[in-house]
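**Q** Next comes structure-v5.csv, CSV, N, CA and C atoms:
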```
chain,number,residue,atom,x,y,z
L,65,GLN,N,-28.2,-33.9,29.3
L,65,GLN,CA,-29.4,-33.9,30.1
L,65,GLN,C,-29.1,-33.5,31.5
L,66,VAL,N,-30.2,-33.2,32.2
L,66,VAL,CA,-30.2,-32.7,33.6
L,66,VAL,C,-31.2,-33.5,34.4
L,67,GLN,N,-30.8,-33.9,35.6
L,67,GLN,CA,-31.7,-34.5,36.5
L,67,GLN,C,-31.9,-33.6,37.7
L,68,LEU,N,-33.1,-33.4,38.1
L,68,LEU,CA,-33.5,-32.5,39.2
L,68,LEU,C,-34.2,-33.3,40.3
L,69,VAL,N,-33.8,-33.1,41.6
L,69,VAL,CA,-34.4,-33.8,42.7
L,69,VAL,C,-34.7,-32.7,43.8
L,70,GLU,N,-36.0,-32.6,44.1
L,70,GLU,CA,-36.4,-31.6,45.1
L,70,GLU,C,-36.5,-32.3,46.5
L,71,SER,N,-36.4,-31.5,47.5
L,71,SER,CA,-36.6,-31.9,48.9
L,71,SER,C,-37.0,-30.8,49.7
L,72,GLY,N,-37.5,-31.0,50.9
L,72,GLY,CA,-37.8,-30.0,51.8
L,72,GLY,C,-39.3,-29.7,52.0
L,73,GLY,N,-40.1,-30.3,51.3
L,73,GLY,CA,-41.6,-30.0,51.4
L,73,GLY,C,-42.1,-30.6,52.7
L,74,GLY,N,-43.3,-30.2,53.1
L,74,GLY,CA,-43.9,-30.8,54.3
L,74,GLY,C,-45.1,-30.0,54.7
L,75,LEU,N,-45.5,-30.2,55.9
L,75,LEU,CA,-46.6,-29.5,56.5
L,75,LEU,C,-46.1,-28.4,57.5
L,76,VAL,N,-46.7,-27.2,57.3
L,76,VAL,CA,-46.2,-26.1,58.1
L,76,VAL,C,-47.5,-25.3,58.5
L,77,GLN,N,-47.4,-24.6,59.6
L,77,GLN,CA,-48.6,-23.8,60.0
L,77,GLN,C,-48.5,-22.4,59.3
L,78,PRO,N,-49.6,-21.8,59.1
L,78,PRO,CA,-49.6,-20.4,58.6
L,78,PRO,C,-48.6,-19.5,59.4
L,79,GLY,N,-47.9,-18.7,58.6
L,79,GLY,CA,-46.9,-17.9,59.2
L,79,GLY,C,-45.5,-18.5,59.4
L,80,GLY,N,-45.4,-19.8,59.2
L,80,GLY,CA,-44.2,-20.6,59.3
L,80,GLY,C,-43.3,-20.5,58.1
L,81,SER,N,-42.2,-21.2,58.2
L,81,SER,CA,-41.2,-21.2,57.1
L,81,SER,C,-40.8,-22.6,56.7
L,82,LEU,N,-40.4,-22.7,55.4
L,82,LEU,CA,-39.8,-23.9,54.9
L,82,LEU,C,-38.7,-23.5,53.9
L,83,ARG,N,-37.8,-24.4,53.8
L,83,ARG,CA,-36.7,-24.2,52.8
L,83,ARG,C,-36.7,-25.4,51.8
L,84,LEU,N,-37.0,-25.2,50.6
L,84,LEU,CA,-37.0,-26.2,49.5
L,84,LEU,C,-35.6,-26.2,48.9
L,85,SER,N,-35.1,-27.4,48.6
L,85,SER,CA,-33.8,-27.6,47.9
L,85,SER,C,-34.1,-28.4,46.6
L,86,CYS,N,-33.2,-28.1,45.6
L,86,CYS,CA,-33.3,-28.8,44.4
L,86,CYS,C,-31.8,-29.1,44.0
L,87,ALA,N,-31.5,-30.4,43.9
L,87,ALA,CA,-30.2,-30.8,43.5
L,87,ALA,C,-30.2,-31.1,42.0
L,88,ALA,N,-29.3,-30.5,41.3
L,88,ALA,CA,-29.2,-30.8,39.8
L,88,ALA,C,-27.9,-31.6,39.5
L,89,SER,N,-28.1,-32.5,38.6
L,89,SER,CA,-26.9,-33.4,38.2
L,89,SER,C,-27.0,-33.6,36.7
L,90,GLY,N,-25.9,-34.0,36.2
L,90,GLY,CA,-25.8,-34.2,34.7
L,90,GLY,C,-25.1,-33.1,34.1
L,91,SER,N,-25.5,-32.6,33.0
L,91,SER,CA,-24.9,-31.6,32.2
L,91,SER,C,-25.2,-30.2,32.7
L,92,ILE,N,-24.9,-29.9,34.0
L,92,ILE,CA,-25.3,-28.7,34.6
L,92,ILE,C,-24.6,-27.5,34.1
L,93,PHE,N,-23.5,-27.7,33.4
L,93,PHE,CA,-22.7,-26.5,32.9
L,93,PHE,C,-23.5,-25.8,31.8
L,94,SER,N,-24.5,-26.4,31.2
L,94,SER,CA,-25.3,-25.7,30.2
L,94,SER,C,-26.6,-25.2,30.7
L,95,ILE,N,-26.8,-25.1,32.0
L,95,ILE,CA,-28.0,-24.6,32.5
L,95,ILE,C,-28.0,-23.1,32.5
L,96,LYS,N,-29.0,-22.5,31.9
L,96,LYS,CA,-29.1,-21.0,31.7
L,96,LYS,C,-29.9,-20.4,32.9
L,97,ALA,N,-30.8,-21.1,33.5
L,97,ALA,CA,-31.6,-20.6,34.6
L,97,ALA,C,-32.2,-21.7,35.3
L,98,MET,N,-32.5,-21.5,36.6
L,98,MET,CA,-33.2,-22.5,37.4
L,98,MET,C,-34.3,-21.7,38.1
L,99,GLY,N,-35.3,-22.5,38.5
L,99,GLY,CA,-36.4,-21.8,39.2
L,99,GLY,C,-37.4,-22.8,39.8
L,100,TRP,N,-38.4,-22.2,40.4
L,100,TRP,CA,-39.4,-23.0,41.1
L,100,TRP,C,-40.8,-22.6,40.6
L,101,TYR,N,-41.6,-23.6,40.3
L,101,TYR,CA,-43.0,-23.4,39.9
L,101,TYR,C,-43.8,-24.2,40.9
L,102,ARG,N,-45.1,-23.9,40.9
L,102,ARG,CA,-46.0,-24.6,41.8
L,102,ARG,C,-47.3,-24.9,41.1
L,103,HIS,N,-48.0,-26.0,41.5
L,103,HIS,CA,-49.2,-26.4,40.9
L,103,HIS,C,-50.2,-26.8,42.0
L,104,THR,N,-51.4,-26.2,41.8
L,104,THR,CA,-52.5,-26.6,42.7
L,104,THR,C,-53.6,-27.2,41.8
L,105,PRO,N,-54.2,-28.3,42.2
L,105,PRO,CA,-55.3,-28.9,41.4
L,105,PRO,C,-56.3,-27.9,41.0
L,106,GLY,N,-56.6,-27.9,39.7
L,106,GLY,CA,-57.6,-27.0,39.1
L,106,GLY,C,-57.0,-25.7,38.7
L,107,LYS,N,-55.7,-25.5,38.8
L,107,LYS,CA,-55.1,-24.3,38.4
L,107,LYS,C,-53.9,-24.6,37.5
L,108,GLU,N,-53.5,-23.6,36.7
L,108,GLU,CA,-52.3,-23.8,35.9
L,108,GLU,C,-51.1,-23.8,36.8
L,109,ARG,N,-50.0,-24.5,36.3
L,109,ARG,CA,-48.8,-24.4,37.0
L,109,ARG,C,-48.3,-22.9,36.9
L,110,GLU,N,-47.8,-22.4,38.0
L,110,GLU,CA,-47.4,-21.0,38.0
L,110,GLU,C,-46.0,-20.8,38.4
L,111,LEU,N,-45.4,-19.8,37.8
L,111,LEU,CA,-44.0,-19.5,38.2
L,111,LEU,C,-44.0,-18.9,39.6
L,112,VAL,N,-43.0,-19.4,40.4
L,112,VAL,CA,-42.8,-18.8,41.8
L,112,VAL,C,-41.6,-17.9,41.8
L,113,ALA,N,-40.5,-18.4,41.3
L,113,ALA,CA,-39.2,-17.7,41.3
L,113,ALA,C,-38.2,-18.3,40.4
L,114,THR,N,-37.5,-17.4,39.7
L,114,THR,CA,-36.4,-17.9,38.8
L,114,THR,C,-35.1,-17.2,39.1
L,115,LEU,N,-34.0,-17.9,38.8
L,115,LEU,CA,-32.7,-17.3,39.0
L,115,LEU,C,-31.8,-17.7,37.8
L,116,THR,N,-31.3,-16.7,37.1
L,116,THR,CA,-30.5,-17.0,35.9
L,116,THR,C,-29.1,-17.2,36.3
L,117,SER,N,-28.3,-17.8,35.3
L,117,SER,CA,-26.9,-18.0,35.6
L,117,SER,C,-26.1,-16.8,35.8
L,118,GLY,N,-26.7,-15.6,35.4
L,118,GLY,CA,-26.1,-14.3,35.6
L,118,GLY,C,-26.4,-13.7,37.0
L,119,GLY,N,-27.4,-14.4,37.7
L,119,GLY,CA,-27.7,-13.9,39.0
L,119,GLY,C,-29.0,-13.1,39.1
L,120,SER,N,-29.7,-12.9,38.0
L,120,SER,CA,-30.9,-12.2,38.0
L,120,SER,C,-32.1,-13.0,38.6
L,121,THR,N,-32.9,-12.4,39.3
L,121,THR,CA,-34.0,-13.1,39.9
L,121,THR,C,-35.3,-12.5,39.5
L,122,ASN,N,-36.4,-13.3,39.6
L,122,ASN,CA,-37.7,-12.9,39.2
L,122,ASN,C,-38.7,-13.7,40.1
L,123,TYR,N,-39.6,-12.9,40.7
L,123,TYR,CA,-40.6,-13.5,41.6
L,123,TYR,C,-42.0,-13.3,41.2
L,124,ALA,N,-42.9,-14.2,41.5
L,124,ALA,CA,-44.3,-13.9,41.3
L,124,ALA,C,-44.7,-12.8,42.3
L,125,ASP,N,-45.6,-12.0,41.9
L,125,ASP,CA,-46.1,-10.9,42.8
L,125,ASP,C,-46.6,-11.5,44.2
L,126,SER,N,-47.2,-12.6,44.1
L,126,SER,CA,-47.8,-13.2,45.3
L,126,SER,C,-46.8,-13.7,46.4
L,127,VAL,N,-45.5,-13.8,46.0
L,127,VAL,CA,-44.5,-14.3,46.9
L,127,VAL,C,-43.4,-13.2,47.2
L,128,LYS,N,-43.4,-12.1,46.5
L,128,LYS,CA,-42.4,-11.1,46.7
L,128,LYS,C,-42.4,-10.6,48.1
L,129,GLY,N,-41.1,-10.6,48.7
L,129,GLY,CA,-41.0,-10.2,50.1
L,129,GLY,C,-41.1,-11.3,51.0
L,130,ARG,N,-41.5,-12.5,50.6
L,130,ARG,CA,-41.7,-13.6,51.5
L,130,ARG,C,-40.8,-14.8,51.1
L,131,PHE,N,-40.6,-14.9,49.8
L,131,PHE,CA,-39.8,-16.1,49.3
L,131,PHE,C,-38.4,-15.5,48.7
L,132,THR,N,-37.4,-16.3,48.9
L,132,THR,CA,-36.1,-16.0,48.3
L,132,THR,C,-35.5,-17.2,47.6
L,133,ILE,N,-35.1,-17.0,46.4
L,133,ILE,CA,-34.4,-18.0,45.6
L,133,ILE,C,-32.9,-17.8,45.7
L,134,SER,N,-32.1,-18.9,45.8
L,134,SER,CA,-30.7,-18.7,45.9
L,134,SER,C,-30.0,-20.0,45.3
L,135,THR,N,-28.7,-19.9,45.2
L,135,THR,CA,-28.0,-21.1,44.7
L,135,THR,C,-26.7,-21.2,45.5
L,136,ASN,N,-26.1,-22.4,45.4
L,136,ASN,CA,-24.8,-22.6,46.1
L,136,ASN,C,-23.6,-22.2,45.1
L,137,ASN,N,-22.4,-22.2,45.7
L,137,ASN,CA,-21.3,-21.8,44.9
L,137,ASN,C,-21.0,-22.7,43.7
L,138,ALA,N,-21.3,-24.0,43.8
L,138,ALA,CA,-21.1,-24.9,42.7
L,138,ALA,C,-22.2,-24.8,41.7
L,139,LYS,N,-23.2,-24.0,41.9
L,139,LYS,CA,-24.4,-23.8,41.0
L,139,LYS,C,-25.0,-25.2,40.7
L,140,ASN,N,-25.0,-26.1,41.6
L,140,ASN,CA,-25.7,-27.4,41.3
L,140,ASN,C,-26.8,-27.6,42.2
L,141,LYS,N,-27.2,-26.6,43.0
L,141,LYS,CA,-28.3,-26.6,43.9
L,141,LYS,C,-29.0,-25.3,43.8
L,142,VAL,N,-30.3,-25.3,43.9
L,142,VAL,CA,-31.1,-24.1,44.0
L,142,VAL,C,-32.0,-24.2,45.2
L,143,TYR,N,-32.2,-23.2,45.9
L,143,TYR,CA,-33.0,-23.2,47.1
L,143,TYR,C,-34.2,-22.2,47.0
L,144,LEU,N,-35.2,-22.5,47.8
L,144,LEU,CA,-36.3,-21.6,47.9
L,144,LEU,C,-36.7,-21.4,49.4
L,145,GLN,N,-36.3,-20.3,49.9
L,145,GLN,CA,-36.6,-20.0,51.3
L,145,GLN,C,-38.0,-19.4,51.3
L,146,MET,N,-38.9,-20.0,52.0
L,146,MET,CA,-40.3,-19.5,52.1
L,146,MET,C,-40.6,-19.1,53.5
L,147,ASN,N,-40.9,-17.9,53.7
L,147,ASN,CA,-41.3,-17.3,55.0
L,147,ASN,C,-42.7,-16.8,54.9
L,148,SER,N,-43.3,-16.6,56.1
L,148,SER,CA,-44.6,-16.1,56.2
L,148,SER,C,-45.6,-16.8,55.3
L,149,LEU,N,-45.5,-18.1,55.4
L,149,LEU,CA,-46.3,-19.0,54.5
L,149,LEU,C,-47.8,-18.8,54.8
L,150,LYS,N,-48.6,-18.9,53.7
L,150,LYS,CA,-50.0,-18.7,53.8
L,150,LYS,C,-50.7,-20.0,53.3
L,151,PRO,N,-51.9,-20.3,53.7
L,151,PRO,CA,-52.6,-21.5,53.2
L,151,PRO,C,-52.6,-21.5,51.6
L,152,GLU,N,-52.7,-20.3,51.0
L,152,GLU,CA,-52.8,-20.3,49.5
L,152,GLU,C,-51.4,-20.7,48.9
L,153,ASP,N,-50.4,-20.8,49.7
L,153,ASP,CA,-49.1,-21.3,49.2
L,153,ASP,C,-49.1,-22.8,49.1
L,154,THR,N,-50.1,-23.5,49.6
L,154,THR,CA,-50.2,-24.9,49.5
L,154,THR,C,-50.2,-25.4,48.0
L,155,ALA,N,-49.3,-26.2,47.7
L,155,ALA,CA,-49.1,-26.7,46.3
L,155,ALA,C,-48.0,-27.7,46.2
L,156,VAL,N,-47.9,-28.3,45.0
L,156,VAL,CA,-46.7,-29.1,44.7
L,156,VAL,C,-45.7,-28.2,44.0
L,157,TYR,N,-44.6,-28.1,44.6
L,157,TYR,CA,-43.5,-27.2,44.1
L,157,TYR,C,-42.5,-28.0,43.2
L,158,TYR,N,-42.3,-27.5,42.0
L,158,TYR,CA,-41.5,-28.2,41.1
L,158,TYR,C,-40.2,-27.4,40.8
L,159,CYS,N,-39.1,-28.0,40.7
L,159,CYS,CA,-37.8,-27.4,40.3
L,159,CYS,C,-37.7,-27.5,38.8
L,160,ASN,N,-37.2,-26.4,38.2
L,160,ASN,CA,-37.1,-26.3,36.8
L,160,ASN,C,-35.7,-25.8,36.4
L,161,ALA,N,-35.2,-26.4,35.3
L,161,ALA,CA,-33.9,-25.9,34.8
L,161,ALA,C,-34.1,-25.7,33.3
L,162,VAL,N,-33.7,-24.5,32.9
L,162,VAL,CA,-33.7,-24.2,31.5
L,162,VAL,C,-32.3,-24.4,30.9
L,163,TRP,N,-32.2,-25.3,30.0
L,163,TRP,CA,-30.9,-25.8,29.5
L,163,TRP,C,-30.6,-25.2,28.2
L,164,ALA,N,-29.5,-25.5,27.6
L,164,ALA,CA,-29.2,-25.0,26.3
L,164,ALA,C,-30.3,-25.3,25.3
L,165,HIS,N,-30.4,-24.4,24.3
L,165,HIS,CA,-31.5,-24.4,23.3
L,165,HIS,C,-32.9,-24.3,24.0
L,166,ASP,N,-32.9,-23.8,25.2
L,166,ASP,CA,-34.2,-23.6,25.9
L,166,ASP,C,-34.9,-24.9,26.2
L,167,ILE,N,-34.2,-25.9,26.4
L,167,ILE,CA,-34.8,-27.2,26.8
L,167,ILE,C,-35.1,-27.1,28.3
L,168,ASN,N,-36.3,-27.5,28.7
L,168,ASN,CA,-36.7,-27.4,30.1
L,168,ASN,C,-36.7,-28.8,30.7
L,169,TYR,N,-36.1,-28.8,31.9
L,169,TYR,CA,-36.1,-30.1,32.7
L,169,TYR,C,-36.9,-29.8,34.0
L,170,TRP,N,-37.6,-30.8,34.5
L,170,TRP,CA,-38.4,-30.7,35.6
L,170,TRP,C,-38.1,-31.8,36.6
L,171,GLY,N,-38.2,-31.4,37.9
L,171,GLY,CA,-38.2,-32.4,39.0
L,171,GLY,C,-39.5,-33.1,39.1
L,172,LYS,N,-39.6,-34.0,40.1
L,172,LYS,CA,-40.9,-34.7,40.3
L,172,LYS,C,-41.8,-34.0,41.2
L,173,GLY,N,-41.3,-32.9,41.9
L,173,GLY,CA,-42.1,-32.1,42.8
L,173,GLY,C,-42.1,-32.5,44.2
L,174,THR,N,-42.3,-31.5,45.1
L,174,THR,CA,-42.4,-31.8,46.5
L,174,THR,C,-43.6,-31.0,47.0
L,175,LEU,N,-44.4,-31.7,47.9
L,175,LEU,CA,-45.6,-31.1,48.4
L,175,LEU,C,-45.4,-30.2,49.6
L,176,VAL,N,-46.0,-29.0,49.5
L,176,VAL,CA,-46.0,-28.1,50.6
L,176,VAL,C,-47.4,-27.8,51.0
L,177,THR,N,-47.7,-28.1,52.3
L,177,THR,CA,-49.0,-27.9,52.8
L,177,THR,C,-49.0,-26.9,54.0
L,178,VAL,N,-49.7,-25.8,53.8
L,178,VAL,CA,-49.8,-24.8,54.9
L,178,VAL,C,-51.1,-24.9,55.5
L,179,SER,N,-51.2,-25.3,56.7
L,179,SER,CA,-52.4,-25.5,57.4
L,179,SER,C,-52.2,-25.6,58.9
L,180,SER,N,-53.3,-25.1,59.6
L,180,SER,CA,-53.2,-25.2,61.1
L,180,SER,C,-53.9,-26.5,61.5
```
Represent the structure contained in this file as structure tokens.

**A**
Amino acid sequence: QVQLVESGGGLVQPGGSLRLSCAASGSIFSIKAMGWYRHTPGKERELVATLTSGGSTNYADSVKGRFTISTNNAKNKVYLQMNSLKPEDTAVYYCNAVWAHDINYWGKGTLVTVSS
């Protein structure tokens, strides 16, 4: 099993930046990919960015060029650098890990609010 804990959310003005972190613990050696999703009330949870164990990345069109996903050398943390934030980026951001046999693990989420 894998445990995921997000941090770094908060209130930021439009155009500002935030860096989200996700710390993974447990059986992290079987993680195939990690990523970030977000959810806004009334909408489906949507993919923001993913990073595979091989280093491939994938971004939602709405965040390309503004957000960057990365990991540390130990591969037990994943980050989401968010620049040029817009009010429509306001959401609860969830860390995700895809484990062996495509089992998904989720963090509890961290709230990002973009507002002046």

**Q** List the spatial neighbours of Leu149 of chain L as a list in words - criterion: any atom at most 10 Å away, only C-alpha atoms, same-chain residues fewer than 3 positions off excluded.

**A**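 Here the answer would be Val76, Gln77, Pro78, Gly79, Gly80, Ser81, Leu82, Val127, Arg130, Phe131, Met146, Glu152, Asp153, Thr154, Val176, Thr177, Val178 and Ser179 of chain L.
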
**Q** Write out, as a PDB file, keeping the file's coordinate frame, the residues just selected, with N, CA and C atoms.

**A**
```pdb
ATOM      1  N   VAL L  76     -46.700 -27.200  57.300  1.00  0.00           N
ATOM      2  CA  VAL L  76     -46.200 -26.100  58.100  1.00  0.00           C
ATOM      3  C   VAL L  76     -47.500 -25.300  58.500  1.00  0.00           C
ATOM      4  N   GLN L  77     -47.400 -24.600  59.600  1.00  0.00           N
ATOM      5  CA  GLN L  77     -48.600 -23.800  60.000  1.00  0.00           C
ATOM      6  C   GLN L  77     -48.500 -22.400  59.300  1.00  0.00           C
ATOM      7  N   PRO L  78     -49.600 -21.800  59.100  1.00  0.00           N
ATOM      8  CA  PRO L  78     -49.600 -20.400  58.600  1.00  0.00           C
ATOM      9  C   PRO L  78     -48.600 -19.500  59.400  1.00  0.00           C
ATOM     10  N   GLY L  79     -47.900 -18.700  58.600  1.00  0.00           N
ATOM     11  CA  GLY L  79     -46.900 -17.900  59.200  1.00  0.00           C
ATOM     12  C   GLY L  79     -45.500 -18.500  59.400  1.00  0.00           C
ATOM     13  N   GLY L  80     -45.400 -19.800  59.200  1.00  0.00           N
ATOM     14  CA  GLY L  80     -44.200 -20.600  59.300  1.00  0.00           C
ATOM     15  C   GLY L  80     -43.300 -20.500  58.100  1.00  0.00           C
ATOM     16  N   SER L  81     -42.200 -21.200  58.200  1.00  0.00           N
ATOM     17  CA  SER L  81     -41.200 -21.200  57.100  1.00  0.00           C
ATOM     18  C   SER L  81     -40.800 -22.600  56.700  1.00  0.00           C
ATOM     19  N   LEU L  82     -40.400 -22.700  55.400  1.00  0.00           N
ATOM     20  CA  LEU L  82     -39.800 -23.900  54.900  1.00  0.00           C
ATOM     21  C   LEU L  82     -38.700 -23.500  53.900  1.00  0.00           C
ATOM     22  N   VAL L 127     -45.500 -13.800  46.000  1.00  0.00           N
ATOM     23  CA  VAL L 127     -44.500 -14.300  46.900  1.00  0.00           C
ATOM     24  C   VAL L 127     -43.400 -13.200  47.200  1.00  0.00           C
ATOM     25  N   ARG L 130     -41.500 -12.500  50.600  1.00  0.00           N
ATOM     26  CA  ARG L 130     -41.700 -13.600  51.500  1.00  0.00           C
ATOM     27  C   ARG L 130     -40.800 -14.800  51.100  1.00  0.00           C
ATOM     28  N   PHE L 131     -40.600 -14.900  49.800  1.00  0.00           N
ATOM     29  CA  PHE L 131     -39.800 -16.100  49.300  1.00  0.00           C
ATOM     30  C   PHE L 131     -38.400 -15.500  48.700  1.00  0.00           C
ATOM     31  N   MET L 146     -38.900 -20.000  52.000  1.00  0.00           N
ATOM     32  CA  MET L 146     -40.300 -19.500  52.100  1.00  0.00           C
ATOM     33  C   MET L 146     -40.600 -19.100  53.500  1.00  0.00           C
ATOM     34  N   GLU L 152     -52.700 -20.300  51.000  1.00  0.00           N
ATOM     35  CA  GLU L 152     -52.800 -20.300  49.500  1.00  0.00           C
ATOM     36  C   GLU L 152     -51.400 -20.700  48.900  1.00  0.00           C
ATOM     37  N   ASP L 153     -50.400 -20.800  49.700  1.00  0.00           N
ATOM     38  CA  ASP L 153     -49.100 -21.300  49.200  1.00  0.00           C
ATOM     39  C   ASP L 153     -49.100 -22.800  49.100  1.00  0.00           C
ATOM     40  N   THR L 154     -50.100 -23.500  49.600  1.00  0.00           N
ATOM     41  CA  THR L 154     -50.200 -24.900  49.500  1.00  0.00           C
ATOM     42  C   THR L 154     -50.200 -25.400  48.000  1.00  0.00           C
ATOM     43  N   VAL L 176     -46.000 -29.000  49.500  1.00  0.00           N
ATOM     44  CA  VAL L 176     -46.000 -28.100  50.600  1.00  0.00           C
ATOM     45  C   VAL L 176     -47.400 -27.800  51.000  1.00  0.00           C
ATOM     46  N   THR L 177     -47.700 -28.100  52.300  1.00  0.00           N
ATOM     47  CA  THR L 177     -49.000 -27.900  52.800  1.00  0.00           C
ATOM     48  C   THR L 177     -49.000 -26.900  54.000  1.00  0.00           C
ATOM     49  N   VAL L 178     -49.700 -25.800  53.800  1.00  0.00           N
ATOM     50  CA  VAL L 178     -49.800 -24.800  54.900  1.00  0.00           C
ATOM     51  C   VAL L 178     -51.100 -24.900  55.500  1.00  0.00           C
ATOM     52  N   SER L 179     -51.200 -25.300  56.700  1.00  0.00           N
ATOM     53  CA  SER L 179     -52.400 -25.500  57.400  1.00  0.00           C
ATOM     54  C   SER L 179     -52.200 -25.600  58.900  1.00  0.00           C
TER      55      SER L 179
END
```

**Q** Identify all residues of segment 91-162 of chain L in helix (DSSP H, G or I) (DSSP on the backbone) and supply them as a list in words.

**A**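 Selection result, helix (DSSP H, G or I) within segment 91-162 of chain L: Ile92, Phe93, Ser94, Pro151, Glu152 and Asp153 of chain L.
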
**Q** Step one, run DSSP on the backbone; step two, keep only residues of chain L assigned to strand (DSSP E); then write them as JSON, numbers by chain.

**A** {"L": [66, 67, 68, 69, 70, 71, 74, 75, 76, 82, 83, 84, 85, 86, 87, 88, 89, 90, 97, 98, 99, 100, 101, 102, 103, 110, 111, 112, 113, 114, 115, 116, 121, 122, 123, 131, 132, 133, 134, 135, 141, 142, 143, 144, 145, 146, 155, 156, 157, 158, 159, 160, 161, 162, 168, 169, 170, 174, 175, 176, 177, 178]}

**Q** Record the distance separating atom C of Pro151 of chain L and atom N of Ser180 of chain L, expressed in Å with one decimal.

**A**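 These atoms are spaced 8.8 Å apart.
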
**Q** For Thr135 of chain L, work out the shell of residues within 8 Å, counting all atoms listed in the file and skipping chain neighbours fewer than 5 positions away, then give it as a PyMOL selection string.

**A** chain L and resi 115+140-144

**Q** Expressed in Å to a single decimal, how great is the separation between atom CA of Cys86 of chain L and atom CA of Gly106 of chain L?

**A**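 Between atom CA of Cys86 of chain L and atom CA of Gly106 of chain L the gap works out to 24.9 Å.
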
**Q** Please determine, counting only N, CA and C atoms, which residue among L:Val112, L:Ile133, L:Ala124, L:Val69 has the shortest atom-to-atom distance to Thr174 of chain L.

**A** L:Val69

**Q** Could you work out how far atom C of Thr104 of chain L lies from atom N of Thr116 of chain L, giving the answer in Å with one decimal?

**A**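 These atoms are spaced 25.1 Å apart.
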
**Q** List every protein, DNA or RNA residue with an atom no more than 10 Å from (-45.2, -26.2, 39.5) in the file's coordinates, counting only C-alpha atoms, and format the result as a PyMOL selection string.

**A** chain L and resi 99-104+108-112+155-160+170-174

**Q** Near Ile92 of chain L, within 9 Å and counting only C-alpha atoms, which residues show up once chain neighbours fewer than 2 positions away are dropped, as a PDB file with N, CA and C atoms, in the coordinates of the input?

**A**
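Writing done, so here's selection04.pdb:
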```pdb
ATOM      1  N   GLN L  65     -28.200 -33.900  29.300  1.00  0.00           N
ATOM      2  CA  GLN L  65     -29.400 -33.900  30.100  1.00  0.00           C
ATOM      3  C   GLN L  65     -29.100 -33.500  31.500  1.00  0.00           C
ATOM      4  N   VAL L  66     -30.200 -33.200  32.200  1.00  0.00           N
ATOM      5  CA  VAL L  66     -30.200 -32.700  33.600  1.00  0.00           C
ATOM      6  C   VAL L  66     -31.200 -33.500  34.400  1.00  0.00           C
ATOM      7  N   GLN L  67     -30.800 -33.900  35.600  1.00  0.00           N
ATOM      8  CA  GLN L  67     -31.700 -34.500  36.500  1.00  0.00           C
ATOM      9  C   GLN L  67     -31.900 -33.600  37.700  1.00  0.00           C
ATOM     10  N   ALA L  88     -29.300 -30.500  41.300  1.00  0.00           N
ATOM     11  CA  ALA L  88     -29.200 -30.800  39.800  1.00  0.00           C
ATOM     12  C   ALA L  88     -27.900 -31.600  39.500  1.00  0.00           C
ATOM     13  N   SER L  89     -28.100 -32.500  38.600  1.00  0.00           N
ATOM     14  CA  SER L  89     -26.900 -33.400  38.200  1.00  0.00           C
ATOM     15  C   SER L  89     -27.000 -33.600  36.700  1.00  0.00           C
ATOM     16  N   GLY L  90     -25.900 -34.000  36.200  1.00  0.00           N
ATOM     17  CA  GLY L  90     -25.800 -34.200  34.700  1.00  0.00           C
ATOM     18  C   GLY L  90     -25.100 -33.100  34.100  1.00  0.00           C
ATOM     19  N   SER L  94     -24.500 -26.400  31.200  1.00  0.00           N
ATOM     20  CA  SER L  94     -25.300 -25.700  30.200  1.00  0.00           C
ATOM     21  C   SER L  94     -26.600 -25.200  30.700  1.00  0.00           C
ATOM     22  N   ILE L  95     -26.800 -25.100  32.000  1.00  0.00           N
ATOM     23  CA  ILE L  95     -28.000 -24.600  32.500  1.00  0.00           C
ATOM     24  C   ILE L  95     -28.000 -23.100  32.500  1.00  0.00           C
ATOM     25  N   LYS L 139     -23.200 -24.000  41.900  1.00  0.00           N
ATOM     26  CA  LYS L 139     -24.400 -23.800  41.000  1.00  0.00           C
ATOM     27  C   LYS L 139     -25.000 -25.200  40.700  1.00  0.00           C
ATOM     28  N   ASN L 140     -25.000 -26.100  41.600  1.00  0.00           N
ATOM     29  CA  ASN L 140     -25.700 -27.400  41.300  1.00  0.00           C
ATOM     30  C   ASN L 140     -26.800 -27.600  42.200  1.00  0.00           C
ATOM     31  N   TRP L 163     -32.200 -25.300  30.000  1.00  0.00           N
ATOM     32  CA  TRP L 163     -30.900 -25.800  29.500  1.00  0.00           C
ATOM     33  C   TRP L 163     -30.600 -25.200  28.200  1.00  0.00           C
TER      34      TRP L 163
END
```

**Q** Go through L:Pro105, L:Gln145, L:Ser120, L:Gly73 and flag the residue nearest Thr132 of chain L, using only N, CA and C atoms for the distances.

**A**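 For Thr132 of chain L, the nearest of the given residues is L:Gln145.
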
**Q** Take segment 140-144 of chain L, bring it up to N, CA, C and O atoms, and give me the output as a JSON list (two decimals), keeping the file's coordinate frame.

**A**
```
[["chain", "number", "residue", "atom", "x", "y", "z"],
["L", 140, "ASN", "N", -25.00, -26.10, 41.60],
["L", 140, "ASN", "CA", -25.70, -27.40, 41.30],
["L", 140, "ASN", "C", -26.80, -27.60, 42.20],
["L", 140, "ASN", "O", -27.44, -28.67, 42.26],
["L", 141, "LYS", "N", -27.20, -26.60, 43.00],
["L", 141, "LYS", "CA", -28.30, -26.60, 43.90],
["L", 141, "LYS", "C", -29.00, -25.30, 43.80],
["L", 141, "LYS", "O", -28.37, -24.24, 43.74],
["L", 142, "VAL", "N", -30.30, -25.30, 43.90],
["L", 142, "VAL", "CA", -31.10, -24.10, 44.00],
["L", 142, "VAL", "C", -32.00, -24.20, 45.20],
["L", 142, "VAL", "O", -32.56, -25.34, 45.46],
["L", 143, "TYR", "N", -32.20, -23.20, 45.90],
["L", 143, "TYR", "CA", -33.00, -23.20, 47.10],
["L", 143, "TYR", "C", -34.20, -22.20, 47.00],
["L", 143, "TYR", "O", -34.09, -21.21, 46.31],
["L", 144, "LEU", "N", -35.20, -22.50, 47.80],
["L", 144, "LEU", "CA", -36.30, -21.60, 47.90],
["L", 144, "LEU", "C", -36.70, -21.40, 49.40],
["L", 144, "LEU", "O", -37.21, -22.36, 49.95]]
```
